[in-house]
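Student: If it helps, the file is called entry_19.csv and holds CSV, C-alpha atoms:
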chain,number,residue,atom,x,y,z
B,1,MET,CA,69.6,-98.8,69.3
B,2,SER,CA,71.0,-100.9,66.4
B,3,GLU,CA,74.5,-99.6,66.2
B,4,SER,CA,77.7,-99.4,68.3
B,5,ILE,CA,80.3,-96.7,68.3
B,6,ILE,CA,84.0,-97.1,68.5
B,7,ARG,CA,85.9,-94.1,69.8
B,8,ALA,CA,89.3,-93.7,71.3
B,9,ASP,CA,88.1,-91.6,74.3
B,10,ALA,CA,85.0,-93.6,75.2
B,11,PRO,CA,84.8,-94.7,78.8
B,12,VAL,CA,84.6,-98.4,78.0
B,13,VAL,CA,86.8,-101.5,78.0
B,14,THR,CA,86.5,-103.7,74.9
B,15,LEU,CA,86.4,-107.4,75.0
B,16,ILE,CA,87.4,-109.0,71.7
B,17,ASN,CA,86.7,-112.7,71.9
B,18,VAL,CA,87.5,-114.9,69.0
B,19,PHE,CA,85.9,-118.4,69.2
B,20,THR,CA,87.2,-121.2,67.0
B,21,VAL,CA,84.5,-123.6,66.0
B,22,ASP,CA,83.8,-126.5,63.7
B,23,ARG,CA,82.0,-125.1,60.6
B,24,ALA,CA,79.0,-127.3,61.5
B,25,ASP,CA,78.7,-125.5,64.8
B,26,GLN,CA,79.2,-121.8,63.7
B,27,GLN,CA,75.5,-121.0,63.4
B,28,ARG,CA,74.7,-122.7,66.7
B,29,LEU,CA,77.4,-120.7,68.5
B,30,VAL,CA,76.1,-117.4,67.0
B,31,GLU,CA,72.6,-118.2,68.2
B,32,LEU,CA,73.8,-119.2,71.7
B,33,TRP,CA,75.8,-116.0,72.0
B,34,GLN,CA,72.8,-113.9,70.9
B,35,ARG,CA,70.5,-115.7,73.4
B,36,ALA,CA,73.1,-115.3,76.2
B,37,THR,CA,73.4,-111.6,75.4
B,38,ASP,CA,69.6,-110.9,75.2
B,39,GLU,CA,68.7,-113.0,78.3
B,40,VAL,CA,71.5,-112.3,80.6
B,41,MET,CA,74.5,-110.1,79.6
B,42,ARG,CA,72.7,-106.9,78.6
B,43,HIS,CA,70.9,-106.8,81.9
B,44,LEU,CA,74.1,-106.9,84.0
B,45,PRO,CA,75.6,-103.7,85.5
B,46,GLY,CA,78.1,-102.0,83.2
B,47,PHE,CA,77.1,-103.7,79.9
B,48,VAL,CA,77.4,-101.3,77.0
B,49,SER,CA,77.1,-103.4,73.8
B,50,ALA,CA,77.8,-106.8,72.2
B,51,ASN,CA,78.5,-107.2,68.5
B,52,VAL,CA,78.4,-110.7,67.2
B,53,HIS,CA,80.4,-111.5,64.0
B,54,ARG,CA,80.7,-114.6,62.0
B,55,SER,CA,83.9,-115.3,59.9
B,56,LEU,CA,83.4,-115.7,56.2
B,57,ASP,CA,85.3,-119.0,56.2
B,58,GLY,CA,82.9,-120.5,58.8
B,59,THR,CA,85.5,-121.4,61.4
B,60,LYS,CA,85.2,-118.4,63.9
B,61,VAL,CA,82.7,-116.4,65.8
B,62,VAL,CA,83.9,-113.1,67.2
B,63,ASN,CA,82.2,-111.1,69.9
B,64,TYR,CA,83.2,-107.4,70.1
B,65,ALA,CA,81.8,-106.3,73.4
B,66,GLN,CA,82.0,-103.1,75.3
B,67,TRP,CA,81.7,-102.8,79.1
B,68,GLU,CA,81.9,-99.7,81.3
B,69,SER,CA,84.9,-101.0,83.2
B,70,GLN,CA,87.1,-104.0,83.7
B,71,ASP,CA,85.5,-104.6,87.1
B,72,ALA,CA,82.0,-104.8,85.4
B,73,PHE,CA,83.4,-107.3,82.9
B,74,THR,CA,85.0,-109.4,85.6
B,75,ALA,CA,81.9,-109.4,87.7
B,76,MET,CA,79.9,-110.7,84.7
B,77,LEU,CA,82.3,-113.6,84.4
B,78,ARG,CA,81.4,-114.6,88.0
B,79,HIS,CA,77.7,-113.9,87.9
B,80,PRO,CA,75.6,-117.0,88.5
B,81,ASP,CA,73.2,-116.1,85.6
B,82,ALA,CA,76.1,-115.9,83.2
B,83,ARG,CA,78.1,-119.0,84.2
B,84,PRO,CA,75.8,-121.6,82.5
B,85,TYR,CA,76.0,-119.7,79.2
B,86,LEU,CA,79.8,-119.2,79.5
B,87,THR,CA,80.2,-123.0,80.1
B,88,GLU,CA,77.9,-123.9,77.1
B,89,LEU,CA,79.8,-121.4,74.8
B,90,GLY,CA,83.1,-123.1,75.8
B,91,GLU,CA,81.7,-126.5,75.0
B,92,ILE,CA,80.8,-125.5,71.4
B,93,GLY,CA,84.0,-123.5,70.7
B,94,THR,CA,87.4,-122.5,72.0
B,95,PRO,CA,87.5,-118.9,73.2
B,96,ALA,CA,90.4,-116.5,73.0
B,97,PRO,CA,89.3,-113.4,74.9
B,98,VAL,CA,91.4,-110.2,74.8
B,99,LEU,CA,90.5,-107.2,77.0
B,100,CYS,CA,91.5,-104.0,75.2
B,101,GLU,CA,91.3,-100.2,75.1
B,102,VAL,CA,90.9,-98.3,71.8
B,103,VAL,CA,94.0,-96.4,71.0
B,104,SER,CA,93.0,-94.7,67.7
B,105,VAL,CA,90.4,-94.6,65.0
B,106,HIS,CA,91.3,-93.9,61.4
B,107,HIS,CA,89.2,-92.9,58.4
B,108,ILE,CA,89.7,-91.8,54.8
V,1,MET,CA,85.6,-88.3,61.7
V,2,SER,CA,86.8,-89.8,65.0
V,3,GLU,CA,84.4,-92.7,65.4
V,4,SER,CA,83.4,-95.9,63.7
V,5,ILE,CA,80.0,-97.5,63.5
V,6,ILE,CA,79.2,-101.2,63.9
V,7,ARG,CA,75.9,-102.1,62.3
V,8,ALA,CA,74.5,-105.5,61.2
V,9,ASP,CA,73.3,-104.2,57.8
V,10,ALA,CA,76.3,-102.0,56.9
V,11,PRO,CA,77.8,-102.8,53.4
V,12,VAL,CA,81.3,-103.7,54.8
V,13,VAL,CA,83.4,-106.6,55.6
V,14,THR,CA,85.2,-106.5,58.9
V,15,LEU,CA,88.8,-107.6,59.5
V,16,ILE,CA,89.6,-108.5,63.1
V,17,ASN,CA,93.3,-109.1,63.3
V,18,VAL,CA,94.7,-110.1,66.7
V,19,PHE,CA,98.5,-109.7,66.8
V,20,THR,CA,100.5,-111.4,69.6
V,21,VAL,CA,103.6,-109.4,70.6
V,22,ASP,CA,106.2,-109.3,73.3
V,23,ARG,CA,105.2,-106.7,75.9
V,24,ALA,CA,108.3,-104.7,75.1
V,25,ASP,CA,107.0,-104.4,71.4
V,26,GLN,CA,103.4,-103.5,72.0
V,27,GLN,CA,103.8,-99.8,71.7
V,28,ARG,CA,106.0,-100.1,68.7
V,29,LEU,CA,103.5,-102.3,66.9
V,30,VAL,CA,100.7,-99.8,67.7
V,31,GLU,CA,102.7,-97.0,66.2
V,32,LEU,CA,103.6,-98.9,63.1
V,33,TRP,CA,100.0,-99.8,62.6
V,34,GLN,CA,98.9,-96.2,63.0
V,35,ARG,CA,101.6,-95.1,60.5
V,36,ALA,CA,100.7,-97.8,58.0
V,37,THR,CA,97.1,-96.8,58.2
V,38,ASP,CA,97.7,-93.0,57.8
V,39,GLU,CA,100.3,-93.3,55.1
V,40,VAL,CA,98.9,-96.1,53.0
V,41,MET,CA,95.8,-98.1,54.0
V,42,ARG,CA,93.3,-95.2,54.3
V,43,HIS,CA,94.2,-94.0,50.8
V,44,LEU,CA,93.4,-97.4,49.1
V,45,PRO,CA,90.1,-98.1,47.3
V,46,GLY,CA,87.4,-99.5,49.6
V,47,PHE,CA,89.0,-98.5,52.9
V,48,VAL,CA,86.3,-97.6,55.5
V,49,SER,CA,88.0,-97.5,58.9
V,50,ALA,CA,90.8,-98.9,61.0
V,51,ASN,CA,90.4,-99.1,64.8
V,52,VAL,CA,93.6,-99.9,66.7
V,53,HIS,CA,93.3,-101.5,70.1
V,54,ARG,CA,95.9,-102.5,72.7
V,55,SER,CA,95.3,-105.3,75.2
V,56,LEU,CA,95.4,-104.3,78.8
V,57,ASP,CA,97.8,-107.2,79.6
V,58,GLY,CA,100.3,-105.8,77.0
V,59,THR,CA,100.6,-108.9,74.9
V,60,LYS,CA,98.2,-108.2,72.0
V,61,VAL,CA,97.4,-105.4,69.5
V,62,VAL,CA,94.1,-105.7,67.7
V,63,ASN,CA,93.0,-104.0,64.5
V,64,TYR,CA,89.3,-103.9,63.9
V,65,ALA,CA,89.1,-102.7,60.3
V,66,GLN,CA,86.2,-102.2,57.9
V,67,TRP,CA,86.5,-102.5,54.1
V,68,GLU,CA,83.8,-102.0,51.5
V,69,SER,CA,84.2,-105.5,50.2
V,70,GLN,CA,86.3,-108.7,50.4
V,71,ASP,CA,87.8,-107.8,47.0
V,72,ALA,CA,89.0,-104.4,48.3
V,73,PHE,CA,90.6,-106.1,51.3
V,74,THR,CA,92.3,-108.7,49.2
V,75,ALA,CA,93.6,-106.0,46.8
V,76,MET,CA,95.1,-104.2,49.7
V,77,LEU,CA,97.1,-107.3,50.7
V,78,ARG,CA,98.7,-107.3,47.2
V,79,HIS,CA,99.2,-103.6,46.9
V,80,PRO,CA,102.9,-102.6,46.5
V,81,ASP,CA,102.6,-99.7,48.9
V,82,ALA,CA,101.1,-102.0,51.6
V,83,ARG,CA,103.4,-104.9,51.3
V,84,PRO,CA,106.4,-103.4,53.1
V,85,TYR,CA,104.2,-102.4,56.1
V,86,LEU,CA,102.6,-105.9,56.2
V,87,THR,CA,106.0,-107.5,56.2
V,88,GLU,CA,107.3,-105.2,59.0
V,89,LEU,CA,104.1,-105.7,61.1
V,90,GLY,CA,104.7,-109.5,60.8
V,91,GLU,CA,108.2,-109.1,61.9
V,92,ILE,CA,107.2,-107.5,65.2
V,93,GLY,CA,104.2,-109.6,66.0
V,94,THR,CA,102.3,-112.7,64.9
V,95,PRO,CA,99.0,-111.9,63.2
V,96,ALA,CA,95.8,-113.9,63.3
V,97,PRO,CA,93.4,-112.2,60.8
V,98,VAL,CA,89.7,-113.1,60.7
V,99,LEU,CA,87.5,-111.7,57.9
V,100,CYS,CA,83.9,-111.3,59.2
V,101,GLU,CA,80.5,-110.0,58.7
V,102,VAL,CA,78.4,-108.5,61.6
V,103,VAL,CA,75.5,-110.7,62.5
V,104,SER,CA,73.9,-108.7,65.3
V,105,VAL,CA,74.3,-105.7,67.6
V,106,HIS,CA,72.9,-105.8,71.1
V,107,HIS,CA,72.3,-103.0,73.6
V,108,ILE,CA,70.7,-102.6,77.0
Is it possible to express this structure as structure tokens?
Tutor:
Amino acid sequence: MSESIIRADAPVVTLINVFTVDRADQQRLVELWQRATDEVMRHLPGFVSANVHRSLDGTKVVNYAQWESQDAFTAMLRHPDARPYLTELGEIGTPAPVLCEVVSVHHI
Amino acid sequence: MSESIIRADAPVVTLINVFTVDRADQQRLVELWQRATDEVMRHLPGFVSANVHRSLDGTKVVNYAQWESQDAFTAMLRHPDARPYLTELGEIGTPAPVLCEVVSVHHI
């Protein structure tokens, strides 16, 4: 599946993690996040989606990720397969994770 | 329509705006953002979606918004109907807007 759905009543928690990076490192951080997701994150219990964004000004990488529950997300943070990736991500950029719920969705 | 779609090849730019607020103001900021979207933003040219999130810890409100182009987004910032709402939002919380493109979407 190549798309993710945002809904107010979906049974997920949403992690919005804005990484600040040097422009020279943006692409490397994108690729590391993609590799971490494909090799580890998406195989862990409770993973729903990860959606990797790059800022147009080159200074940020944003992961919009969905997990089945806050417990599943917290377990990922402690998982031994995830730890090396989390450490490496933090060496390239500065994370600012926010754990959220969707309140409302608006269209035209 | 009550859901938004995240895709890597969608013809949109994505605004991820993380507002920092006092816990006492989080609900007020959510409601102001909903009202600004319903009354103004969604009627402007190039609007695709707004998706309002509240952080579980009470200290952030995040808008994940999609616009047809960077020009449409920039025009909104200057629109006279939008300006009063943008000013009021900035009085309640501290915005950190990031304009992005989706690089990749990952699932199980």
Student: Taking only C-alpha atoms into account, name the residue in V:Val98, V:Ile92, V:Pro84, V:Gln34 that is nearest to Ile16 in chain B.
Tutor: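 Comparing V:Val98, V:Ile92, V:Pro84, V:Gln34 against Ile16 in chain B, the winner is V:Val98.
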Student: Taking all atoms listed in the file into account, report as a list of chain:residue names which residues of chain B lie within 7 Å of chain V.
Tutor: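 Going by the stated atoms only, the list reads B:Met1, B:Ser2, B:Glu3, B:Ser4, B:Ile5, B:Ile6, B:Arg7, B:Arg42, B:His43, B:Val48, B:Ser49, B:Ala50, B:Asn51, B:Val52, B:His53, B:Arg54, B:Ser55, B:Leu56, B:Val98, B:Leu99, B:Cys100, B:Glu101, B:Val102, B:Val103, B:Ser104, B:Val105, B:His106, B:His107, B:Ile108.
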Student: Rank V:Thr74, V:Leu32, V:Asp25, V:Glu39 by their smallest atom-to-atom distance to Thr87 in chain V, using all atoms listed in the file, and report the top residue only.
Tutor: V:Leu32
Student: Using Å and a single decimal, report how far CA of His79 in chain B sits from CA of Val40 in chain B.
Tutor: 9.7 Å
Student: In Å, with one decimal, what is the gap from CA of Trp33 in chain B to CA of Leu89 in chain B?
Tutor: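 Interatomic distance here is 7.3 Å.
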Student: Give me, please, the distance in Å between CA of Phe73 in chain V and CA of Tyr85 in chain V, quoted to one decimal.
Tutor: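 The value is 14.9 Å.
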